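For reference, the structure discussed in these notes is given below.
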Amino acid sequence: MHIIDLHRRALDAVRPIVARVRPADLDRPTPCAGWDLRTLLSHMIGQDHGFAAAVLADVSAEAFAPRTPTIEAHEAGAAAVVAAFAAADPVRQVLLAELGGRRFPLPSVIGFHLLDTLVHGWDVAVSLDTGVDYDDDLLAAAQTQAELVPAGPARAPAFGPILPIADESTAWARTLALLGRDSHWTVERSPSARTPAGR
C-alpha cells in the first residue's frame, strides 16, 4: 500500500524534530489545548504504541495511554508502529476503542496515524520556535486526511472547531485550519490564560 510508505516517511520527518527536545523544553506550551510539551510527547508515544497494538489485535483504550516522554521512548514507539503496520493483515478491520469502538479498514487507520504524526510534529516544532519542511506529497496526504475529519461536536475533544481558511492559504495552513489550529501560532502568542486550538 502506498499509504504505508507515506506513513513511514512521515515518521522519518518527525523523528529529528522530536530529537531536538531537551528536558528544559518539556514545560513549553504547545498549540494543543492545555498541553505542555511533556504532555504532548507522552500522548504521541502512547498513540504510537496504541496504533501498533490495535492493527495486530483488538485492544482497549488503555493501549493508547500516555507514556514517559523521552527521545528513546519516541524512537521505540515510532519503530513499533512502522513494524506493526507492515505486518498487519491488509484486509483487517481495525478496532479503535478511542473512536467509539468502531472498526476501520487498515489503510484508513494508517491515514489517521499519518495525519496525527505530521500535525503533532508541527506542534512540537512550533513549541520549539522552529518550523517543519515536509515533502509536498506528505502535505497532500495530510490535507486529504484532514478533509475527512467530521465537523461539529463529533470532532471534540481531539480537534478544535474549523478555523477560517483564506483562499491563498497553503496546503499545510489549510490542513491545520481544518483541525482547528492556527498556522501562525507561536509560543509568544499563547499566554497560559489563552486556550489554543484543539489537540
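Scheme for the C-alpha cells: letters A, B, ... for chains in order shown; per-chain residue numbers from 1; ligand numbers from 1 in order shown.
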Write out as number ranges by chain the residues lying within 8 Å of A:Phe85, counting only C-alpha atoms and excluding same-chain residues fewer than 5 positions away. A: 4, 52, 55, 110
For those residues, write N, CA and C atoms to a file as a short mmCIF file (atom, residue, chain, number, x, y, z; two decimals), in the first residue's frame.
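The file below, selection.cif, is the result:
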data_model
loop_
_atom_site.label_atom_id
_atom_site.label_comp_id
_atom_site.auth_asym_id
_atom_site.auth_seq_id
_atom_site.Cartn_x
_atom_site.Cartn_y
_atom_site.Cartn_z
N ILE A 4 1.41 3.14 3.31
CA ILE A 4 2.40 2.66 4.28
C ILE A 4 3.73 3.39 4.08
N ALA A 52 0.04 0.64 17.09
CA ALA A 52 0.80 -0.58 16.79
C ALA A 52 0.09 -1.81 17.31
N VAL A 55 -3.58 -2.59 15.32
CA VAL A 55 -3.63 -3.17 13.98
C VAL A 55 -3.30 -4.65 13.97
N ILE A 110 -4.04 3.73 9.00
CA ILE A 110 -2.70 4.25 8.70
C ILE A 110 -2.78 5.74 8.37
#
Among stretch 9-159 of chain A, which ones does DSSP place in strand (DSSP E), written as an MDAnalysis selection string? chainID A and resid 93:96 102:105
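The environment of A:Leu26 within 8 Å, counting only C-alpha atoms and disregarding residues fewer than 5 places along the same chain, consists of Val21, Asp36, Leu37 and Arg38 of chain A.
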Apply DSSP to the structure's backbone, then extract all residues of stretch 9-170 of chain A labelled helix (DSSP H, G or I) and return them as an NGL selection string. :A and (9-19 or 23-25 or 37-54 or 61-64 or 71-87 or 97-99 or 106-127 or 136-146 or 153-155)
Exercise: stretch 140-153 of chain A partners within 12 Å, only C-alpha atoms, chain neighbours under 3 positions left out, as a PyMOL selection string: chain A and resi 2-7+9-10+107-120+122+134-137+156-163+170-181
Output C-alpha atoms for every residue in that selection, as a PDB file, in the first residue's frame.
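Now in selection.pdb:
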ATOM      1  CA  HIS A   2       1.311   3.454  -0.963  1.00  0.00           C
ATOM      2  CA  ILE A   3      -0.049   4.836   2.316  1.00  0.00           C
ATOM      3  CA  ILE A   4       2.403   2.662   4.279  1.00  0.00           C
ATOM      4  CA  ASP A   5       5.378   4.305   2.564  1.00  0.00           C
ATOM      5  CA  LEU A   6       3.927   7.773   3.136  1.00  0.00           C
ATOM      6  CA  HIS A   7       3.353   6.916   6.782  1.00  0.00           C
ATOM      7  CA  ARG A   9       8.248   8.870   5.698  1.00  0.00           C
ATOM      8  CA  ALA A  10       6.001  10.965   7.936  1.00  0.00           C
ATOM      9  CA  PRO A 107      -5.456   1.903   5.113  1.00  0.00           C
ATOM     10  CA  SER A 108      -7.783   4.370   6.862  1.00  0.00           C
ATOM     11  CA  VAL A 109      -6.140   3.694  10.207  1.00  0.00           C
ATOM     12  CA  ILE A 110      -2.701   4.247   8.704  1.00  0.00           C
ATOM     13  CA  GLY A 111      -4.003   7.531   7.302  1.00  0.00           C
ATOM     14  CA  PHE A 112      -5.277   8.574  10.731  1.00  0.00           C
ATOM     15  CA  HIS A 113      -1.872   7.994  12.265  1.00  0.00           C
ATOM     16  CA  LEU A 114      -0.070   9.704   9.380  1.00  0.00           C
ATOM     17  CA  LEU A 115      -2.119  12.856   9.974  1.00  0.00           C
ATOM     18  CA  ASP A 116      -1.640  12.631  13.733  1.00  0.00           C
ATOM     19  CA  THR A 117       2.109  12.240  13.274  1.00  0.00           C
ATOM     20  CA  LEU A 118       2.593  15.184  10.928  1.00  0.00           C
ATOM     21  CA  VAL A 119       0.369  17.566  12.866  1.00  0.00           C
ATOM     22  CA  HIS A 120       1.903  16.703  16.209  1.00  0.00           C
ATOM     23  CA  TRP A 122       4.368  20.596  13.744  1.00  0.00           C
ATOM     24  CA  TYR A 134       7.521  18.295   4.930  1.00  0.00           C
ATOM     25  CA  ASP A 135       7.630  16.961   1.366  1.00  0.00           C
ATOM     26  CA  ASP A 136       4.779  18.001  -0.907  1.00  0.00           C
ATOM     27  CA  ASP A 137       3.284  14.523  -1.135  1.00  0.00           C
ATOM     28  CA  ALA A 156     -14.184  17.036  20.005  1.00  0.00           C
ATOM     29  CA  PRO A 157     -12.044  16.711  22.062  1.00  0.00           C
ATOM     30  CA  ALA A 158      -9.448  15.612  19.513  1.00  0.00           C
ATOM     31  CA  PHE A 159      -9.806  18.734  17.357  1.00  0.00           C
ATOM     32  CA  GLY A 160     -10.951  22.298  17.832  1.00  0.00           C
ATOM     33  CA  PRO A 161     -13.545  23.997  15.616  1.00  0.00           C
ATOM     34  CA  ILE A 162     -12.539  24.548  11.989  1.00  0.00           C
ATOM     35  CA  LEU A 163     -10.853  27.941  11.584  1.00  0.00           C
ATOM     36  CA  THR A 170      -1.071  26.941   1.649  1.00  0.00           C
ATOM     37  CA  ALA A 171      -1.976  23.266   1.743  1.00  0.00           C
ATOM     38  CA  TRP A 172      -0.429  22.965   5.196  1.00  0.00           C
ATOM     39  CA  ALA A 173      -2.171  26.052   6.576  1.00  0.00           C
ATOM     40  CA  ARG A 174      -5.435  24.649   5.221  1.00  0.00           C
ATOM     41  CA  THR A 175      -4.774  21.304   6.900  1.00  0.00           C
ATOM     42  CA  LEU A 176      -4.091  22.985  10.231  1.00  0.00           C
ATOM     43  CA  ALA A 177      -7.198  25.170   9.957  1.00  0.00           C
ATOM     44  CA  LEU A 178      -9.352  22.127   9.211  1.00  0.00           C
ATOM     45  CA  LEU A 179      -8.111  20.686  12.507  1.00  0.00           C
ATOM     46  CA  GLY A 180      -8.702  23.880  14.473  1.00  0.00           C
ATOM     47  CA  ARG A 181      -5.087  25.014  14.509  1.00  0.00           C
TER      48      ARG A 181
END
Atom CA of A:Pro66 to atom CA of A:Ser183, distance in Å rounded to a single decimal: 25.7 Å
